[in-house]
$ cat input-v7.tsv   # TSV, C-alpha atoms and all ligand atoms
chain	number	residue	atom	x	y	z
G	1	MET	CA	13.19	5.02	-0.07
G	2	GLU	CA	14.40	8.55	-0.61
G	3	LYS	CA	17.72	9.68	0.82
G	4	THR	CA	17.88	12.59	3.20
G	5	SER	CA	20.57	14.98	4.41
G	6	LEU	CA	22.60	13.89	7.42
G	7	SER	CA	21.42	16.88	9.48
G	8	ARG	CA	17.78	16.12	8.70
G	9	ALA	CA	18.41	12.44	9.49
G	10	LEU	CA	19.60	13.30	13.00
G	11	SER	CA	16.48	15.35	13.62
G	12	LYS	CA	14.23	12.65	12.08
G	13	LEU	CA	15.79	10.14	14.45
G	14	GLY	CA	14.83	12.48	17.29
G	15	TYR	CA	18.43	13.12	18.31
G	16	CYS	CA	18.43	16.93	18.09
G	17	SER	CA	17.26	19.84	15.94
G	18	ARG	CA	18.63	20.25	12.41
G	19	THR	CA	20.62	23.31	13.46
G	20	SER	CA	22.28	21.51	16.37
G	21	ALA	CA	22.84	18.53	14.09
G	22	ALA	CA	24.64	20.72	11.55
G	23	SER	CA	27.09	21.98	14.16
G	24	LEU	CA	27.69	18.48	15.57
G	25	ILE	CA	28.44	17.28	12.05
G	26	ARG	CA	30.79	20.20	11.30
G	27	THR	CA	32.75	19.55	14.49
G	28	GLY	CA	33.33	15.95	13.39
G	29	GLU	CA	31.21	14.15	15.95
G	30	VAL	CA	29.07	12.24	13.45
G	31	SER	CA	30.01	9.26	11.36
G	32	VAL	CA	28.18	7.30	8.67
G	33	ASN	CA	29.06	3.65	8.17
G	34	GLY	CA	32.22	4.16	10.23
G	35	LYS	CA	33.44	7.23	8.29
G	36	LYS	CA	33.49	10.72	9.83
G	37	ILE	CA	31.29	13.05	7.77
G	38	LYS	CA	31.64	16.82	8.12
G	39	SER	CA	29.03	17.96	5.64
G	40	PRO	CA	25.45	18.43	7.00
G	41	SER	CA	24.06	17.96	3.47
G	42	TYR	CA	25.70	14.54	3.02
G	43	ARG	CA	22.97	12.16	1.73
G	44	VAL	CA	22.05	9.14	3.83
G	45	ASP	CA	19.50	6.33	3.68
G	46	LEU	CA	17.91	5.80	7.07
G	47	ARG	CA	17.15	2.18	6.20
G	48	LYS	CA	20.68	1.16	5.34
G	49	ASP	CA	23.21	3.60	6.72
G	50	ARG	CA	24.64	3.29	10.21
G	51	ILE	CA	24.73	6.74	11.79
G	52	GLU	CA	26.78	7.31	14.94
G	53	VAL	CA	27.25	10.35	17.16
G	54	ASN	CA	30.38	10.14	19.28
G	55	ASP	CA	30.49	6.39	18.67
G	56	SER	CA	26.97	5.68	19.84
G	57	CYS	CA	24.76	4.28	17.12
G	58	LEU	CA	21.41	5.97	16.43
G	59	THR	CA	20.13	3.80	13.62
G	60	LYS	CA	20.09	0.45	15.39
G	61	ARG	CA	16.34	0.26	15.56
G	62	THR	CA	14.38	-2.81	16.51
G	63	PRO	CA	13.05	-4.37	13.31
G	64	LEU	CA	9.48	-3.32	12.71
G	65	VAL	CA	7.14	-5.24	10.42
G	66	ILE	CA	3.69	-3.91	9.62
G	67	MET	CA	0.62	-5.41	7.97
G	68	LEU	CA	-1.41	-2.81	6.08
G	69	HIS	CA	-4.79	-3.26	4.41
G	70	LYS	CA	-4.18	-1.05	1.40
G	71	PRO	CA	-7.26	0.67	0.00
G	72	ALA	CA	-7.60	1.50	-3.70
G	73	GLY	CA	-6.36	4.96	-4.71
G	74	TYR	CA	-3.01	4.85	-2.89
G	75	ILE	CA	0.26	4.28	-4.73
G	76	THR	CA	2.99	2.06	-3.32
G	77	THR	CA	5.96	4.40	-3.03
G	78	SER	CA	7.77	6.32	-0.31
G	79	SER	CA	7.26	9.69	-1.92
G	80	ASP	CA	5.47	10.86	-5.03
G	81	GLU	CA	6.57	13.80	-7.17
G	82	LEU	CA	2.97	14.42	-8.21
G	83	SER	CA	1.80	14.58	-4.57
G	84	ARG	CA	-0.62	11.69	-5.00
G	85	ARG	CA	-1.71	9.72	-1.94
G	86	THR	CA	0.83	7.04	-1.02
G	87	VAL	CA	0.68	4.06	1.34
G	88	MET	CA	3.04	6.03	3.60
G	89	ASP	CA	0.14	8.38	4.37
G	90	LEU	CA	-1.53	5.45	6.14
G	91	VAL	CA	1.25	4.62	8.65
G	92	PRO	CA	3.07	6.87	11.13
G	93	ARG	CA	6.05	8.66	9.51
G	94	GLU	CA	8.33	8.02	12.46
G	95	THR	CA	8.26	4.26	11.83
G	96	HIS	CA	10.66	4.78	8.85
G	97	VAL	CA	9.18	1.74	7.13
G	98	PHE	CA	9.04	1.07	3.39
G	99	ALA	CA	6.83	-1.22	1.35
G	100	VAL	CA	7.93	-4.76	0.53
G	101	GLY	CA	7.05	-5.21	-3.14
G	102	ARG	CA	4.16	-3.24	-4.58
G	103	LEU	CA	0.46	-3.27	-5.29
G	104	ASP	CA	-1.05	-1.26	-8.15
G	105	CYS	CA	-2.91	1.91	-7.24
G	106	ASP	CA	-6.29	0.24	-7.82
G	107	THR	CA	-5.35	-3.03	-6.03
G	108	THR	CA	-6.47	-3.51	-2.44
G	109	GLY	CA	-5.26	-5.84	0.28
G	110	LEU	CA	-2.25	-7.07	2.16
G	111	LEU	CA	0.91	-5.00	1.96
G	112	ILE	CA	3.90	-5.58	4.24
G	113	LEU	CA	5.97	-2.58	5.35
G	114	THR	CA	9.20	-2.83	7.29
G	115	ASN	CA	12.37	-0.95	8.27
G	116	ASP	CA	14.37	-4.16	7.83
G	117	GLY	CA	16.09	-4.28	4.42
G	118	GLU	CA	17.27	-7.87	4.85
G	119	LEU	CA	13.79	-9.16	5.63
G	120	ALA	CA	12.39	-7.25	2.63
G	121	ASN	CA	14.99	-8.90	0.38
G	122	GLU	CA	14.10	-12.31	1.74
G	123	ILE	CA	10.38	-11.84	1.15
G	124	THR	CA	10.88	-10.62	-2.42
G	125	SER	CA	13.70	-13.02	-3.32
G	126	PRO	CA	12.57	-15.12	-6.33
G	127	GLY	CA	14.45	-18.08	-4.85
G	128	ARG	CA	12.13	-18.25	-1.81
G	129	LYS	CA	9.05	-18.68	-3.98
G	130	ILE	CA	6.73	-17.15	-1.40
G	131	MET	CA	3.10	-17.65	-2.42
G	132	LYS	CA	0.89	-14.59	-2.87
G	133	THR	CA	-2.88	-15.15	-2.91
G	134	TYR	CA	-5.22	-12.84	-4.82
G	135	GLU	CA	-8.99	-12.58	-5.13
G	136	VAL	CA	-9.56	-11.68	-8.77
G	137	THR	CA	-12.72	-10.59	-10.60
G	138	VAL	CA	-12.67	-10.65	-14.39
G	139	ASN	CA	-15.16	-10.04	-17.16
G	140	GLY	CA	-17.20	-12.93	-18.57
G	141	LYS	CA	-16.90	-16.63	-18.00
G	142	VAL	CA	-13.58	-18.30	-17.23
G	143	SER	CA	-13.54	-21.82	-18.70
G	144	GLU	CA	-11.63	-24.95	-17.72
G	145	GLY	CA	-9.49	-24.24	-20.81
G	146	HIS	CA	-8.58	-20.82	-19.42
G	147	LEU	CA	-7.63	-22.36	-16.05
G	148	LYS	CA	-5.41	-24.92	-17.77
G	149	LYS	CA	-3.60	-22.12	-19.59
G	150	LEU	CA	-3.07	-20.11	-16.40
G	151	LEU	CA	-1.75	-23.18	-14.56
G	152	GLY	CA	0.33	-24.37	-17.50
G	153	GLY	CA	1.97	-21.02	-18.23
G	154	VAL	CA	1.13	-17.92	-20.24
G	155	GLU	CA	3.45	-15.46	-21.98
G	156	ILE	CA	3.12	-12.00	-20.39
G	157	THR	CA	5.84	-10.31	-22.47
G	158	ASP	CA	8.10	-11.46	-25.26
G	159	GLY	CA	9.67	-14.69	-24.11
G	160	VAL	CA	8.55	-14.35	-20.45
G	161	SER	CA	6.12	-17.02	-19.30
G	162	VAL	CA	4.61	-17.33	-15.84
G	163	HIS	CA	2.05	-19.67	-14.36
G	164	ALA	CA	-0.39	-19.74	-11.49
G	165	ASP	CA	0.34	-22.23	-8.73
G	166	LYS	CA	-3.36	-22.49	-7.84
G	167	CYS	CA	-6.44	-21.19	-9.57
G	168	VAL	CA	-9.95	-21.79	-8.22
G	169	ILE	CA	-13.26	-20.40	-9.51
G	170	ASP	CA	-15.35	-19.14	-6.58
G	171	PHE	CA	-18.25	-17.68	-8.54
G	172	ALA	CA	-19.21	-17.37	-12.19
G	173	ASP	CA	-22.08	-16.02	-14.23
G	174	SER	CA	-22.24	-14.77	-17.80
G	175	LEU	CA	-21.01	-11.29	-16.80
G	176	LYS	CA	-18.12	-12.03	-14.46
G	177	THR	CA	-15.98	-14.68	-12.77
G	178	LYS	CA	-14.45	-14.46	-9.30
G	179	LEU	CA	-11.37	-16.55	-8.67
G	180	THR	CA	-8.72	-17.17	-6.03
G	181	VAL	CA	-5.30	-17.23	-7.68
G	182	THR	CA	-1.97	-18.05	-6.04
G	183	ILE	CA	1.35	-17.12	-7.66
G	184	HIS	CA	4.92	-17.39	-6.39
G	185	GLU	CA	6.56	-14.84	-8.69
G	186	GLY	CA	6.15	-11.12	-8.26
G	187	LYS	CA	6.48	-9.61	-11.71
G	188	ASN	CA	5.11	-6.13	-12.27
G	189	ARG	CA	1.28	-6.29	-12.76
G	190	GLN	CA	1.60	-10.05	-13.05
G	191	ILE	CA	-2.02	-11.03	-12.36
G	192	LYS	CA	-3.47	-8.46	-14.77
G	193	ARG	CA	-1.00	-9.45	-17.47
G	194	MET	CA	-1.73	-13.16	-17.00
G	195	PHE	CA	-5.46	-12.56	-17.48
G	196	ASP	CA	-4.74	-10.22	-20.41
G	197	ALA	CA	-2.87	-13.13	-22.00
G	198	ILE	CA	-6.04	-15.25	-21.92
G	199	GLY	CA	-8.23	-12.40	-23.16
G	200	LYS	CA	-9.77	-11.43	-19.81
G	201	LYS	CA	-9.81	-8.05	-18.11
G	202	VAL	CA	-9.30	-7.81	-14.34
G	203	PHE	CA	-11.66	-5.29	-12.83
G	204	ASN	CA	-11.12	-6.06	-9.18
G	205	LEU	CA	-7.93	-7.27	-7.53
G	206	HIS	CA	-7.34	-7.89	-3.83
G	207	ARG	CA	-4.36	-9.59	-2.16
G	208	SER	CA	-5.60	-11.72	0.73
G	209	ALA	CA	-2.42	-13.52	1.86
G	210	ILE	CA	1.35	-13.65	1.58
G	211	GLY	CA	2.73	-17.09	2.45
G	212	ASN	CA	0.58	-18.32	5.33
G	213	LEU	CA	-0.08	-14.81	6.64
G	214	LYS	CA	-3.69	-13.80	6.00
G	215	LEU	CA	-4.99	-10.24	5.96
G	216	ASP	CA	-7.23	-9.70	8.99
G	217	LEU	CA	-7.70	-5.92	9.16
G	218	PRO	CA	-10.33	-3.41	8.00
G	219	GLU	CA	-9.37	-1.43	4.88
G	220	GLY	CA	-7.01	1.48	5.52
G	221	THR	CA	-5.75	0.18	8.88
G	222	TRP	CA	-2.44	-1.35	9.95
G	223	ARG	CA	-0.90	-3.26	12.83
G	224	GLU	CA	2.50	-4.48	13.87
G	225	LEU	CA	3.31	-8.16	13.21
G	226	SER	CA	4.80	-10.46	15.84
G	227	GLN	CA	7.90	-12.54	15.02
G	228	GLU	CA	5.62	-15.57	14.88
G	229	GLU	CA	3.52	-13.86	12.18
G	230	VAL	CA	6.64	-12.86	10.22
G	231	ARG	CA	7.59	-16.55	10.23
G	232	LEU	CA	4.19	-17.32	8.64
G	233	ILE	CA	5.28	-15.24	5.63
G	234	LEU	CA	8.58	-17.05	5.25
G	235	GLU	CA	7.70	-20.69	5.98
G	301	LIG	N1	-0.69	-8.29	-9.94
G	301	LIG	C1	-1.21	-7.18	-10.53
G	301	LIG	O1	-1.55	-7.19	-11.71
G	301	LIG	N2	-1.36	-6.07	-9.79
G	301	LIG	C2	-1.06	-6.02	-8.46
G	301	LIG	O2	-1.24	-4.98	-7.83
G	301	LIG	C3	-0.53	-7.17	-7.87
G	301	LIG	C4	-0.35	-8.29	-8.63
$ encode --input "input-v7.tsv" --output "structure tokens" --more "lines below"
Ligand code: URA
Amino acid sequence: MEKTSLSRALSKLGYCSRTSAASLIRTGEVSVNGKKIKSPSYRVDLRKDRIEVNDSCLTKRTPLVIMLHKPAGYITTSSDELSRRTVMDLVPRETHVFAVGRLDCDTTGLLILTNDGELANEITSPGRKIMKTYEVTVNGKVSEGHLKKLLGGVEITDGVSVHADKCVIDFADSLKTKLTVTIHEGKNRQIKRMFDAIGKKVFNLHRSAIGNLKLDLPEGTWRELSQEEVRLILE
């Protein structure tokens, strides 16, 4: 997530206007992570930094976790220099959430957004091996031999091998095969690169679940998750 100036941060948090914030900062009433800061342009990260005005903390927000059904055509980033549409355009700005992991611009499906850095780290930690389930459509017929390779491990870059934890064919004809694929790693463009490695091109990719949490929203919409639902991701 992008950093912002301390004066803008105070106004983003709804504390006061940027002008009033600048004078509060100059008079030494604002601290960041326990240190008094007198420069309104001092850069802060609203996700991580603890901002206090006269010893009362503004950034202690209740953790917010959002499920978003990402449509194709949106990039997973907080801000884009080229002004392309981002997933942040689909959720209210004032939530101050950021995406947990990423989906390619043309990938649809379940994306988690949160303002809780620790939770995000837990979900993406390789050690937790959280399963991600994808509906994949590729060109041509996928054979039993292809499935064996995907489950046994394929090299996606020099010396880096990954494997699918589950791989089931849901539909196949001579033109295309639809599969449900579950992986526990989260390497960049992993599914597409795995199918590339067996000579298949992915032309539709949709994430339907993370852990035991299943996407249950229409495309382009979002909702807040309960603590119970967050546990479904982590269990
Ligand atoms: N794997 C990919 O190739 N792309 C995605 O967006 C997600 C997983």
$ residues_near_ligand --input "input-v7.tsv" --ligand "ligand LIG 301 (chain G)" --cutoff "12 Å" --atoms "all atoms listed in the file" --output "ChimeraX atom specification"
/G:70-76,101-111,131-138,156,164,181-197,201-210
$ write_last_selection --input "input-v7.tsv" --atoms "C-alpha atoms" --output "mmCIF file, in the coordinates of the input"
data_model
loop_
_atom_site.group_PDB
_atom_site.id
_atom_site.type_symbol
_atom_site.label_atom_id
_atom_site.label_comp_id
_atom_site.auth_asym_id
_atom_site.auth_seq_id
_atom_site.Cartn_x
_atom_site.Cartn_y
_atom_site.Cartn_z
ATOM 1 C CA LYS G 70 -4.180 -1.050 1.400
ATOM 2 C CA PRO G 71 -7.260 0.670 0.000
ATOM 3 C CA ALA G 72 -7.600 1.500 -3.700
ATOM 4 C CA GLY G 73 -6.360 4.960 -4.710
ATOM 5 C CA TYR G 74 -3.010 4.850 -2.890
ATOM 6 C CA ILE G 75 0.260 4.280 -4.730
ATOM 7 C CA THR G 76 2.990 2.060 -3.320
ATOM 8 C CA GLY G 101 7.050 -5.210 -3.140
ATOM 9 C CA ARG G 102 4.160 -3.240 -4.580
ATOM 10 C CA LEU G 103 0.460 -3.270 -5.290
ATOM 11 C CA ASP G 104 -1.050 -1.260 -8.150
ATOM 12 C CA CYS G 105 -2.910 1.910 -7.240
ATOM 13 C CA ASP G 106 -6.290 0.240 -7.820
ATOM 14 C CA THR G 107 -5.350 -3.030 -6.030
ATOM 15 C CA THR G 108 -6.470 -3.510 -2.440
ATOM 16 C CA GLY G 109 -5.260 -5.840 0.280
ATOM 17 C CA LEU G 110 -2.250 -7.070 2.160
ATOM 18 C CA LEU G 111 0.910 -5.000 1.960
ATOM 19 C CA MET G 131 3.100 -17.650 -2.420
ATOM 20 C CA LYS G 132 0.890 -14.590 -2.870
ATOM 21 C CA THR G 133 -2.880 -15.150 -2.910
ATOM 22 C CA TYR G 134 -5.220 -12.840 -4.820
ATOM 23 C CA GLU G 135 -8.990 -12.580 -5.130
ATOM 24 C CA VAL G 136 -9.560 -11.680 -8.770
ATOM 25 C CA THR G 137 -12.720 -10.590 -10.600
ATOM 26 C CA VAL G 138 -12.670 -10.650 -14.390
ATOM 27 C CA ILE G 156 3.120 -12.000 -20.390
ATOM 28 C CA ALA G 164 -0.390 -19.740 -11.490
ATOM 29 C CA VAL G 181 -5.300 -17.230 -7.680
ATOM 30 C CA THR G 182 -1.970 -18.050 -6.040
ATOM 31 C CA ILE G 183 1.350 -17.120 -7.660
ATOM 32 C CA HIS G 184 4.920 -17.390 -6.390
ATOM 33 C CA GLU G 185 6.560 -14.840 -8.690
ATOM 34 C CA GLY G 186 6.150 -11.120 -8.260
ATOM 35 C CA LYS G 187 6.480 -9.610 -11.710
ATOM 36 C CA ASN G 188 5.110 -6.130 -12.270
ATOM 37 C CA ARG G 189 1.280 -6.290 -12.760
ATOM 38 C CA GLN G 190 1.600 -10.050 -13.050
ATOM 39 C CA ILE G 191 -2.020 -11.030 -12.360
ATOM 40 C CA LYS G 192 -3.470 -8.460 -14.770
ATOM 41 C CA ARG G 193 -1.000 -9.450 -17.470
ATOM 42 C CA MET G 194 -1.730 -13.160 -17.000
ATOM 43 C CA PHE G 195 -5.460 -12.560 -17.480
ATOM 44 C CA ASP G 196 -4.740 -10.220 -20.410
ATOM 45 C CA ALA G 197 -2.870 -13.130 -22.000
ATOM 46 C CA LYS G 201 -9.810 -8.050 -18.110
ATOM 47 C CA VAL G 202 -9.300 -7.810 -14.340
ATOM 48 C CA PHE G 203 -11.660 -5.290 -12.830
ATOM 49 C CA ASN G 204 -11.120 -6.060 -9.180
ATOM 50 C CA LEU G 205 -7.930 -7.270 -7.530
ATOM 51 C CA HIS G 206 -7.340 -7.890 -3.830
ATOM 52 C CA ARG G 207 -4.360 -9.590 -2.160
ATOM 53 C CA SER G 208 -5.600 -11.720 0.730
ATOM 54 C CA ALA G 209 -2.420 -13.520 1.860
ATOM 55 C CA ILE G 210 1.350 -13.650 1.580
#
$ residues_around --input "input-v7.tsv" --residues "Glu144 (chain G)" --least-positions-apart "4" --cutoff "12 Å" --atoms "only C-alpha atoms" --output "number ranges by chain"
G: 148-152, 167-169, 198
$ write_last_selection --input "input-v7.tsv" --atoms "C-alpha atoms" --output "PDB file, keeping the file's coordinate frame"
ATOM      1  CA  LYS G 148      -5.410 -24.920 -17.770  1.00  0.00           C
ATOM      2  CA  LYS G 149      -3.600 -22.120 -19.590  1.00  0.00           C
ATOM      3  CA  LEU G 150      -3.070 -20.110 -16.400  1.00  0.00           C
ATOM      4  CA  LEU G 151      -1.750 -23.180 -14.560  1.00  0.00           C
ATOM      5  CA  GLY G 152       0.330 -24.370 -17.500  1.00  0.00           C
ATOM      6  CA  CYS G 167      -6.440 -21.190  -9.570  1.00  0.00           C
ATOM      7  CA  VAL G 168      -9.950 -21.790  -8.220  1.00  0.00           C
ATOM      8  CA  ILE G 169     -13.260 -20.400  -9.510  1.00  0.00           C
ATOM      9  CA  ILE G 198      -6.040 -15.250 -21.920  1.00  0.00           C
TER      10      ILE G 198
END
$ atom_distance --input "input-v7.tsv" --atom1 "CA of Asp170 (chain G)" --atom2 "CA of Ser143 (chain G)"
12.5 Å
$ atom_distance --input "input-v7.tsv" --atom1 "CA of Ser7 (chain G)" --atom2 "CA of Arg26 (chain G)"
10.1 Å
$ closest_residue --input "input-v7.tsv" --among "G:Ala21, G:Val91, G:Leu64, G:Leu179" --to "Ala120 (chain G)" --atoms "only C-alpha atoms"
G:Leu64
